[in-house]
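Quick look at entry_34.txt (compact mmCIF, C-alpha atoms):
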```txt
# COMPACT_ATOMS: atom_id res chain seq x y z
CA MET A 14 156.37 198.01 80.28
CA ASP A 15 153.73 199.85 78.36
CA PRO A 16 152.05 202.28 80.67
CA ASN A 17 148.84 201.94 78.70
CA GLN A 18 148.68 198.13 79.04
CA PRO A 19 146.24 197.01 81.73
CA ILE A 20 147.67 195.23 84.70
CA GLN A 21 146.45 191.66 85.04
CA THR A 22 145.61 190.65 88.55
CA GLN A 23 144.98 187.10 89.78
CA PRO A 24 141.85 186.44 91.78
CA ILE A 25 142.50 185.84 95.40
CA THR A 26 140.93 182.57 96.63
CA PRO A 27 139.53 182.89 100.15
CA GLN A 28 141.25 180.58 102.51
CA GLN A 29 139.15 178.03 104.42
CA PRO A 30 139.30 178.45 108.15
CA GLN A 31 141.27 175.64 109.67
CA LYS A 32 139.90 173.74 112.64
CA THR A 33 142.13 174.16 115.53
CA SER A 34 142.80 171.41 118.04
CA ALA A 35 141.01 173.51 120.64
CA SER A 36 137.71 173.47 118.67
CA ILE A 37 137.94 169.68 118.15
CA ILE A 38 138.45 169.08 121.87
CA SER A 39 135.57 171.41 122.65
CA GLY A 40 133.18 169.36 120.44
CA ARG A 41 134.21 166.07 122.01
CA THR A 42 133.78 167.51 125.46
CA LEU A 43 130.25 168.62 124.62
CA LEU A 44 129.35 165.15 123.30
CA LEU A 45 130.83 163.52 126.40
CA ILE A 46 128.82 165.84 128.63
CA ILE A 47 125.60 164.90 126.78
CA VAL A 48 126.31 161.14 127.11
CA LEU A 49 127.12 161.49 130.78
CA GLY A 50 123.95 163.47 131.31
CA VAL A 51 121.82 160.77 129.67
CA CYS A 52 123.51 158.05 131.75
CA ALA A 53 123.03 160.06 134.94
CA ALA A 54 119.34 160.53 134.14
CA PHE A 55 118.93 156.79 133.49
CA PHE A 56 120.59 155.77 136.74
CA LEU A 57 118.59 158.38 138.62
CA TYR A 58 115.40 156.85 137.20
CA LEU A 59 116.49 153.38 138.31
CA ALA A 60 117.32 154.70 141.78
CA LEU A 61 113.90 156.27 142.14
CA ASN A 62 112.16 153.18 140.68
CA PRO A 63 114.06 150.11 141.95
CA ASN A 64 111.54 147.69 140.44
CA ALA A 65 111.53 149.30 137.04
CA GLY A 66 114.08 146.87 135.62
CA ASN A 67 112.62 143.79 137.27
CA LYS A 68 109.09 143.87 136.01
CA GLN A 69 107.78 140.42 135.20
CA ILE A 70 104.81 139.54 133.11
CA THR A 71 102.44 137.38 135.12
CA LYS A 72 100.88 134.69 132.99
CA VAL A 73 97.46 133.50 134.10
CA ALA A 74 97.18 129.77 133.61
CA PRO A 75 93.93 128.69 131.97
CA THR A 76 91.47 126.99 134.29
CA MET A 77 91.19 123.35 133.36
CA PRO A 78 88.04 121.39 134.20
CA ILE A 79 88.50 118.74 136.90
CA PRO A 80 87.78 115.33 135.38
CA THR A 81 85.25 113.10 137.10
CA PRO A 82 86.90 109.99 138.65
CA PHE A 83 86.16 106.94 136.53
CA ALA A 84 85.50 104.67 139.56
CA GLN A 85 81.93 105.42 140.66
CA SER A 86 80.41 101.98 141.31
CA VAL A 87 79.44 100.83 144.82
CA LEU A 88 78.86 97.30 146.12
CA SER A 89 76.89 96.44 149.24
CA ILE A 90 75.30 93.40 150.88
CA MET A 91 71.67 93.58 151.96
CA PRO A 92 69.33 90.98 153.52
CA ALA A 93 66.97 89.52 150.94
CA SER A 94 64.80 87.61 153.40
CA GLN A 95 64.64 86.97 157.12
CA SER A 96 63.46 84.09 159.27
CA ALA A 97 63.18 83.56 163.01
CA ALA A 98 64.41 79.95 162.87
CA PRO A 99 68.21 79.95 163.19
CA THR A 100 68.69 76.79 161.10
CA THR A 101 66.73 77.89 158.03
CA VAL A 102 68.41 79.15 154.87
CA LYS A 103 69.24 82.83 154.93
CA THR A 104 69.57 84.82 151.75
CA TYR A 105 71.51 88.03 151.18
CA ASP A 106 71.76 90.15 148.04
CA VAL A 107 74.98 91.62 146.71
CA VAL A 108 73.75 94.94 145.31
CA LEU A 109 75.63 96.97 142.70
CA ASP A 110 75.03 100.68 142.07
CA SER A 111 76.93 101.52 138.89
CA ASN A 112 76.31 105.28 139.04
CA ILE A 113 77.79 106.68 135.78
CA ASN A 114 79.64 103.45 134.91
CA THR A 115 78.43 100.94 132.33
CA ILE A 116 79.15 97.48 133.74
CA ASN A 117 80.40 94.54 131.70
CA ALA A 118 81.47 92.13 134.45
CA VAL A 119 81.88 91.73 138.22
CA GLN A 120 84.25 89.54 140.21
CA LEU A 121 83.23 89.07 143.83
CA GLU A 122 85.73 87.92 146.43
CA LEU A 123 83.91 87.47 149.74
CA ALA A 124 85.12 86.20 153.11
CA TYR A 125 83.00 84.65 155.87
CA ASP A 126 83.49 82.64 159.05
CA PRO A 127 83.09 78.92 158.28
CA LYS A 128 82.58 78.28 162.00
CA VAL A 129 79.37 80.29 161.90
CA LEU A 130 78.03 79.90 158.35
CA ALA A 131 77.48 76.58 156.59
CA ASN A 132 76.05 75.36 153.29
CA VAL A 133 77.11 78.59 151.63
CA SER A 134 76.10 79.00 148.00
CA VAL A 135 76.06 81.80 145.43
CA LYS A 136 74.14 82.43 142.22
CA ALA A 137 73.55 85.24 139.73
CA GLY A 138 71.09 88.00 140.48
CA PRO A 139 68.95 89.90 137.95
CA PHE A 140 71.42 92.79 137.39
CA PHE A 141 72.65 91.22 134.13
CA PRO A 142 69.67 90.18 131.95
CA ARG A 143 71.59 87.18 130.57
CA PRO A 144 74.46 86.58 133.00
CA LEU A 145 77.49 84.61 131.92
CA GLU A 146 79.13 82.85 134.89
CA LEU A 147 82.93 82.88 134.64
CA ILE A 148 84.07 81.73 138.09
CA LYS A 149 82.07 80.00 140.80
CA ASP A 150 83.92 78.61 143.79
CA VAL A 151 82.99 78.35 147.47
CA ASP A 152 85.80 77.38 149.84
CA SER A 153 83.99 76.10 152.91
CA VAL A 154 87.25 75.35 154.75
CA ASN A 155 88.77 78.83 154.56
CA GLY A 156 85.46 80.66 154.28
CA ARG A 157 85.85 82.30 150.88
CA ILE A 158 83.55 82.88 147.91
CA SER A 159 84.97 83.56 144.45
CA TYR A 160 82.28 84.42 141.95
CA ALA A 161 82.65 86.21 138.61
CA LEU A 162 79.97 86.89 136.03
CA GLY A 163 79.32 89.29 133.19
CA ILE A 164 77.37 90.03 130.05
CA GLN A 165 77.13 87.78 127.03
CA PRO A 166 79.61 88.70 124.24
CA GLN A 167 76.84 90.11 122.04
CA ASP A 168 75.09 92.04 124.85
CA LYS A 169 75.61 95.66 125.89
CA GLY A 170 76.84 96.77 129.30
CA VAL A 171 74.39 97.53 132.09
CA GLN A 172 73.97 100.77 134.01
CA GLY A 173 71.87 101.22 137.15
CA THR A 174 71.25 99.59 140.52
CA GLY A 175 70.38 95.94 141.06
CA THR A 176 71.28 92.61 142.62
CA VAL A 177 74.35 91.18 140.93
CA ALA A 178 74.56 88.02 143.07
CA ILE A 179 72.63 86.17 145.76
CA VAL A 180 74.38 84.47 148.69
CA SER A 181 72.59 81.80 150.73
CA PHE A 182 73.71 80.01 153.91
CA ASN A 183 72.69 78.39 157.18
CA ILE A 184 73.64 79.46 160.67
CA ILE A 185 75.44 76.64 162.45
CA PRO A 186 73.33 75.87 165.55
CA ALA A 187 76.39 75.33 167.75
CA ALA A 188 77.93 78.69 166.78
CA THR A 189 78.72 80.77 169.86
CA ALA A 190 79.48 84.05 168.14
CA SER A 191 76.98 86.84 168.69
CA SER A 192 77.54 88.19 165.17
CA THR A 193 79.43 87.38 162.00
CA THR A 194 80.59 89.31 158.97
CA ILE A 195 80.48 88.77 155.23
CA SER A 196 83.16 91.07 153.84
CA PHE A 197 84.55 92.08 150.47
CA LEU A 198 88.18 91.19 149.83
CA PRO A 199 90.60 93.54 147.99
CA LYS A 200 90.51 91.40 144.82
CA THR A 201 86.86 92.31 144.23
CA VAL A 202 86.65 93.94 140.79
CA VAL A 203 83.97 95.73 138.78
CA THR A 204 84.68 96.09 135.05
CA GLY A 205 83.27 99.09 133.18
CA ALA A 206 82.97 99.74 129.46
CA GLY A 207 85.89 101.75 128.08
CA VAL A 208 87.89 101.58 131.34
CA ILE A 209 90.87 99.28 131.87
CA GLN A 210 91.01 99.58 135.66
CA SER A 211 88.31 98.53 138.09
CA VAL A 212 85.47 101.05 138.42
CA LEU A 213 84.73 99.98 142.00
CA LYS A 214 84.66 103.05 144.25
CA ASN A 215 83.55 101.46 147.51
CA ALA A 216 82.39 98.10 148.89
CA GLN A 217 80.39 97.82 152.10
CA SER A 218 80.57 94.61 154.10
CA ILE A 219 77.76 93.52 156.40
CA ASN A 220 77.58 92.49 160.05
CA ILE A 221 75.00 89.79 160.67
CA PRO A 222 73.59 89.11 164.16
CA VAL A 223 73.77 85.39 164.73
CA ALA A 224 71.32 85.15 167.63
CA SER A 225 68.47 86.58 165.61
CA LEU A 226 68.56 87.47 161.93
CA GLN A 227 65.36 89.38 162.49
CA GLY A 228 67.47 92.14 164.09
CA THR A 229 68.94 95.14 162.33
CA THR A 230 71.99 94.56 160.17
CA THR A 231 74.48 97.40 160.03
CA PRO A 232 76.73 97.82 156.97
CA SER A 233 80.35 98.49 157.85
CA PRO A 234 82.95 100.08 155.56
CA ARG A 235 85.37 97.83 153.74
```
What's the structure tokens form of this structure?
Amino acid sequence: MDPNQPIQTQPITPQQPQKTSASIISGRTLLLIIVLGVCAAFFLYLALNPNAGNKQITKVAPTMPIPTPFAQSVLSIMPASQSAAPTTVKTYDVVLDSNINTINAVQLELAYDPKVLANVSVKAGPFFPRPLELIKDVDSVNGRISYALGIQPQDKGVQGTGTVAIVSFNIIPAATASSTTISFLPKTVVTGAGVIQSVLKNAQSINIPVASLQGTTTPSPR
């Protein structure tokens, strides 16, 4: 070897530090400790606030307007005229108050005592300007009046208060009852515009003193 020739040296590459199994375990342990700490904090929060996980959102239902009942019409029977003579013809009006309803037709089913009232008849009142009679039947044996009337096909319905029918009769002189009643039967119907069902809300019968029709008559509920 030539003593004057330079000696070639190879560069020494620094060796990378190798991860030991101890350092890997130490990192996992630290991560596990952090996860456990978060879980412990969460459960501690739930323990201190038991309702925290059960909160419910209360929905307020919107307030809906209460609809007005469609049946607002009222029927009643009122004395049209009075007389002291017990054998003269007595006349009573069947009065209809339609309230908010517009009336197209009315079917009256009335009951009376044929042992007290005789010569019973019924006719249209002025409630309908041009009344169209549909049914007109007086059963003098069973004491029943069936009378239906309404507007003409080309007319408009009527709203308001007025006499829809007029009932006339005689008091039987031999009648021993102190009073008698003309009452509405369940099949009484009032037909309103735009409503399929009956718009009759209430019907008041009437108690008639037989001894003297000059006395006070007191309506009684149906």
Restrict the calculation to all atoms listed in the file, then for each residue of stretch 178-223 of chain A with any atom at most 8 Å from an atom of stretch 133-139 of chain A give the closest atom pair and their distance in Å to one decimal, rows by chain and rising residue number, as CSV.
```
residue,atom,partner,partner_atom,distance
A:Ala178,CA,A:Gly138,CA,4.3
A:Ile179,CA,A:Lys136,CA,5.4
A:Val180,CA,A:Val135,CA,4.5
A:Ser181,CA,A:Ser134,CA,5.3
A:Phe182,CA,A:Val133,CA,4.3
A:Asn183,CA,A:Val133,CA,7.1
```
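Among the candidates A:Ile116, A:Val151, A:Leu45, A:Ala54, the residue lying nearest to A:Ala84 is A:Ile116 (atoms considered: all atoms listed in the file).
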Problem - Within 10 Å of file point (87.9, 79.1, 146.8), counting only C-alpha atoms, expressed as a PyMOL selection string - result: chain A and resi 122-124+148-160
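Restricting the calculation to only C-alpha atoms, the smallest distance between A:Ser218 and any of A:Ala161, A:Val129, A:Ala187, A:Val107 is found for A:Val107.
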Problem - Pairwise distance for atom CA of A:Phe140 and atom CA of A:Thr115, rounded to one decimal in Å - result: 11.9 Å
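The nearest approach to A:Asn132 among the residues A:Asn117, A:Asn112, A:Thr104, A:Ser191, with only C-alpha atoms taken into account, belongs to A:Thr104.
Nearest-residue note for A:Phe197: choosing from A:Ala131, A:Asn215, A:Val177, A:Asp110, the minimum distance belongs to A:Asn215, counting all atoms listed in the file.
With all atoms listed in the file as the atoms that count, the residue of A:Pro144, A:Pro127, A:Gly175, A:Pro166 with the shortest distance to A:Thr194 is A:Pro127.
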Problem - Pairwise distance for atom CA of A:Ser86 and atom CA of A:Asn220, rounded to one decimal in Å - result: 21.2 Å
Problem - Pick from A:Val202, A:Leu44, A:Leu57, A:Ala190 nearest to A:Leu162, counting all atoms listed in the file - result: A:Val202
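Pairwise distance (atom CA of A:Leu109, atom CA of A:Ser89) equals 6.7 Å.
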Could you model N, CA and C atoms for stretch 166-198 of chain A and present them as a tab-separated table (two decimals), in the frame of the given file?
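That gives us rebuild_4.tsv:
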```tsv
chain	number	residue	atom	x	y	z
A	166	PRO	N	78.78	87.96	125.19
A	166	PRO	CA	79.61	88.70	124.24
A	166	PRO	C	78.83	89.64	123.32
A	167	GLN	N	77.61	89.28	122.96
A	167	GLN	CA	76.84	90.11	122.04
A	167	GLN	C	75.96	91.13	122.76
A	168	ASP	N	75.94	91.12	124.09
A	168	ASP	CA	75.09	92.04	124.85
A	168	ASP	C	75.83	93.34	125.16
A	169	LYS	N	75.05	94.36	125.49
A	169	LYS	CA	75.61	95.66	125.89
A	169	LYS	C	75.76	95.71	127.40
A	170	GLY	N	76.63	96.59	127.86
A	170	GLY	CA	76.84	96.77	129.30
A	170	GLY	C	75.59	97.31	129.98
A	171	VAL	N	75.57	97.16	131.30
A	171	VAL	CA	74.39	97.53	132.09
A	171	VAL	C	74.74	98.70	133.00
A	172	GLN	N	73.81	99.62	133.13
A	172	GLN	CA	73.97	100.77	134.01
A	172	GLN	C	72.75	100.87	134.91
A	173	GLY	N	72.99	101.10	136.21
A	173	GLY	CA	71.87	101.22	137.15
A	173	GLY	C	72.18	100.53	138.46
A	174	THR	N	71.12	100.24	139.21
A	174	THR	CA	71.25	99.59	140.52
A	174	THR	C	70.46	98.30	140.52
A	175	GLY	N	71.07	97.22	141.01
A	175	GLY	CA	70.38	95.94	141.06
A	175	GLY	C	71.21	94.89	141.76
A	176	THR	N	70.61	93.73	141.95
A	176	THR	CA	71.28	92.61	142.62
A	176	THR	C	72.13	91.85	141.62
A	177	VAL	N	73.43	91.85	141.85
A	177	VAL	CA	74.35	91.18	140.93
A	177	VAL	C	74.56	89.73	141.31
A	178	ALA	N	74.40	89.40	142.61
A	178	ALA	CA	74.56	88.02	143.07
A	178	ALA	C	73.74	87.81	144.33
A	179	ILE	N	73.42	86.53	144.58
A	179	ILE	CA	72.63	86.17	145.76
A	179	ILE	C	73.41	85.11	146.54
A	180	VAL	N	73.64	85.39	147.81
A	180	VAL	CA	74.38	84.47	148.69
A	180	VAL	C	73.42	83.86	149.69
A	181	SER	N	73.45	82.52	149.79
A	181	SER	CA	72.59	81.80	150.73
A	181	SER	C	73.45	80.98	151.68
A	182	PHE	N	72.94	80.77	152.92
A	182	PHE	CA	73.71	80.01	153.91
A	182	PHE	C	72.80	79.61	155.06
A	183	ASN	N	73.34	78.76	155.92
A	183	ASN	CA	72.69	78.39	157.18
A	183	ASN	C	73.57	78.85	158.33
A	184	ILE	N	72.91	79.18	159.43
A	184	ILE	CA	73.64	79.46	160.67
A	184	ILE	C	73.89	78.13	161.38
A	185	ILE	N	75.13	77.86	161.72
A	185	ILE	CA	75.44	76.64	162.45
A	185	ILE	C	74.84	76.73	163.86
A	186	PRO	N	74.01	75.78	164.24
A	186	PRO	CA	73.33	75.87	165.55
A	186	PRO	C	74.29	75.97	166.73
A	187	ALA	N	75.45	75.33	166.62
A	187	ALA	CA	76.39	75.33	167.75
A	187	ALA	C	77.28	76.57	167.77
A	188	ALA	N	77.09	77.49	166.83
A	188	ALA	CA	77.93	78.69	166.78
A	188	ALA	C	77.71	79.53	168.03
A	189	THR	N	78.81	79.98	168.64
A	189	THR	CA	78.72	80.77	169.86
A	189	THR	C	78.90	82.27	169.63
A	190	ALA	N	79.26	82.63	168.43
A	190	ALA	CA	79.48	84.05	168.14
A	190	ALA	C	78.15	84.81	168.16
A	191	SER	N	78.19	86.02	168.65
A	191	SER	CA	76.98	86.84	168.69
A	191	SER	C	76.67	87.47	167.33
A	192	SER	N	77.71	87.62	166.51
A	192	SER	CA	77.54	88.19	165.17
A	192	SER	C	78.64	87.67	164.26
A	193	THR	N	78.43	87.79	162.98
A	193	THR	CA	79.43	87.38	162.00
A	193	THR	C	79.40	88.35	160.82
A	194	THR	N	80.45	88.33	160.05
A	194	THR	CA	80.59	89.31	158.97
A	194	THR	C	80.82	88.62	157.63
A	195	ILE	N	80.14	89.11	156.61
A	195	ILE	CA	80.48	88.77	155.23
A	195	ILE	C	81.14	90.02	154.65
A	196	SER	N	82.39	89.89	154.26
A	196	SER	CA	83.16	91.07	153.84
A	196	SER	C	83.72	90.91	152.44
A	197	PHE	N	83.92	92.05	151.79
A	197	PHE	CA	84.55	92.08	150.47
A	197	PHE	C	86.07	92.06	150.64
A	198	LEU	N	86.72	91.24	149.83
A	198	LEU	CA	88.18	91.19	149.83
A	198	LEU	C	88.74	92.15	148.78
```
